[in-house]
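For reference, the structure discussed in these notes is given below.
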Amino acid sequence: MTGGGNARNGRRREILKELGLTPLWHVRPARPASMPQPPELSQERQAAPLPPPPPAASAMKAESGEQVCSDSSVGAVSALEDRRSKILQMGWEELETSVAGCIACRLCHSRTRTVFGVGDQNADWLYIGEGPGAQEDATGEPFVGQAGKLLDNMLTAIDLKRGRNVFITNIVKCRPPGNREPRPDEAQCCEPYLARQIELIRPKLIIALGKTAVQNLLHTDASLGSLRGRLHRHSGIPVIVTYHPAYLLRTLPAKAKAWEDLCFARSTMEALRTSG
Ligand code: URA
């Protein structure tokens, strides 16, 4: 082993210790039978998808400052479709500007800053969380609080780093007040932004962090536990689900499962790379 390898392993051990995860989070050379196996890419089991929710939209009066996602009249639905197709044609800069000025739902009233996402625009890995919290709202960067620190450590544990072949974003780009879950209409208003980010990045693998990300991406209300350990798809892109770092901070036993998910993600990426 090289000196660099030793240093890296030492650093990883320190991180895992700090997280209270040793000895559980050692990378094991052989995978026990209970661990998720690397995927047979041609034989994925998919979560039974529910149809996407119908648009709950309102008249497109964004320019005048009115909310656009709160009524479902026929005109409003077609205005929403218009908005979506405009967003789906945007390049990065225009998309970022559009998010920064978005007033499509009620969350615009309470946010300090929008949180577009951060990282490598050509990343193989796309991590998707729920929505900004207080610190993200203040700084404009996703996952900078305690949960973010854990996410960074989880990335390090599988040799990844924020910004290097990794992009991180959320289902909603504005902080829900009091850190409540985003409501379905809020997630729906933000969906075209995420859809365009996914199209522009074209990641090899999406990691959905927590229930809100999982349910919105996979259009399912199945429990997160029942969706772990297998590959799903969103817009044709493989998706792996795991626990939200904030949940892991509160629920120590779930950390071992999250580590299994990370190992599964890493072996899936290897399989995706070798399969072209
Ligand atoms: N939780 C999230 O889901 N996203 C963030 O950006 C921060 C905390």
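Chains: A, B, ... in order of the structure tokens. Residues: from 1 per chain. Ligands: from 1, in order shown.
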
Please write out the residues within 8 Å of ligand 1 as a VMD selection string, counting only C-alpha atoms and all ligand atoms. chain A and resid 115 128 to 133 135 to 136 141 to 145 147 to 148 169 to 171 209 to 210 244 to 246

If you run DSSP on this backbone, which residues of range 51-235 of chain A come out as helix (DSSP H, G or I), and could you give them as an NGL selection string? :A and (62-64 or 74-87 or 92-100 or 107-110 or 134-139 or 146-157 or 177-179 or 184-201 or 211-218 or 224-227)

Any chance you could list, as a list of chain:residue names, the residues in range 75-127 of chain A that come up strand (DSSP E) when DSSP is run on the backbone?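 Strand (DSSP E) assignments inside range 75-127 of chain A correspond to A:Val118, A:Gly119, A:Trp125, A:Leu126, A:Tyr127.
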
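The two atoms in question, CA of Arg106 in chain A and CA of Glu186 in chain A, are spaced 7.6 Å apart.
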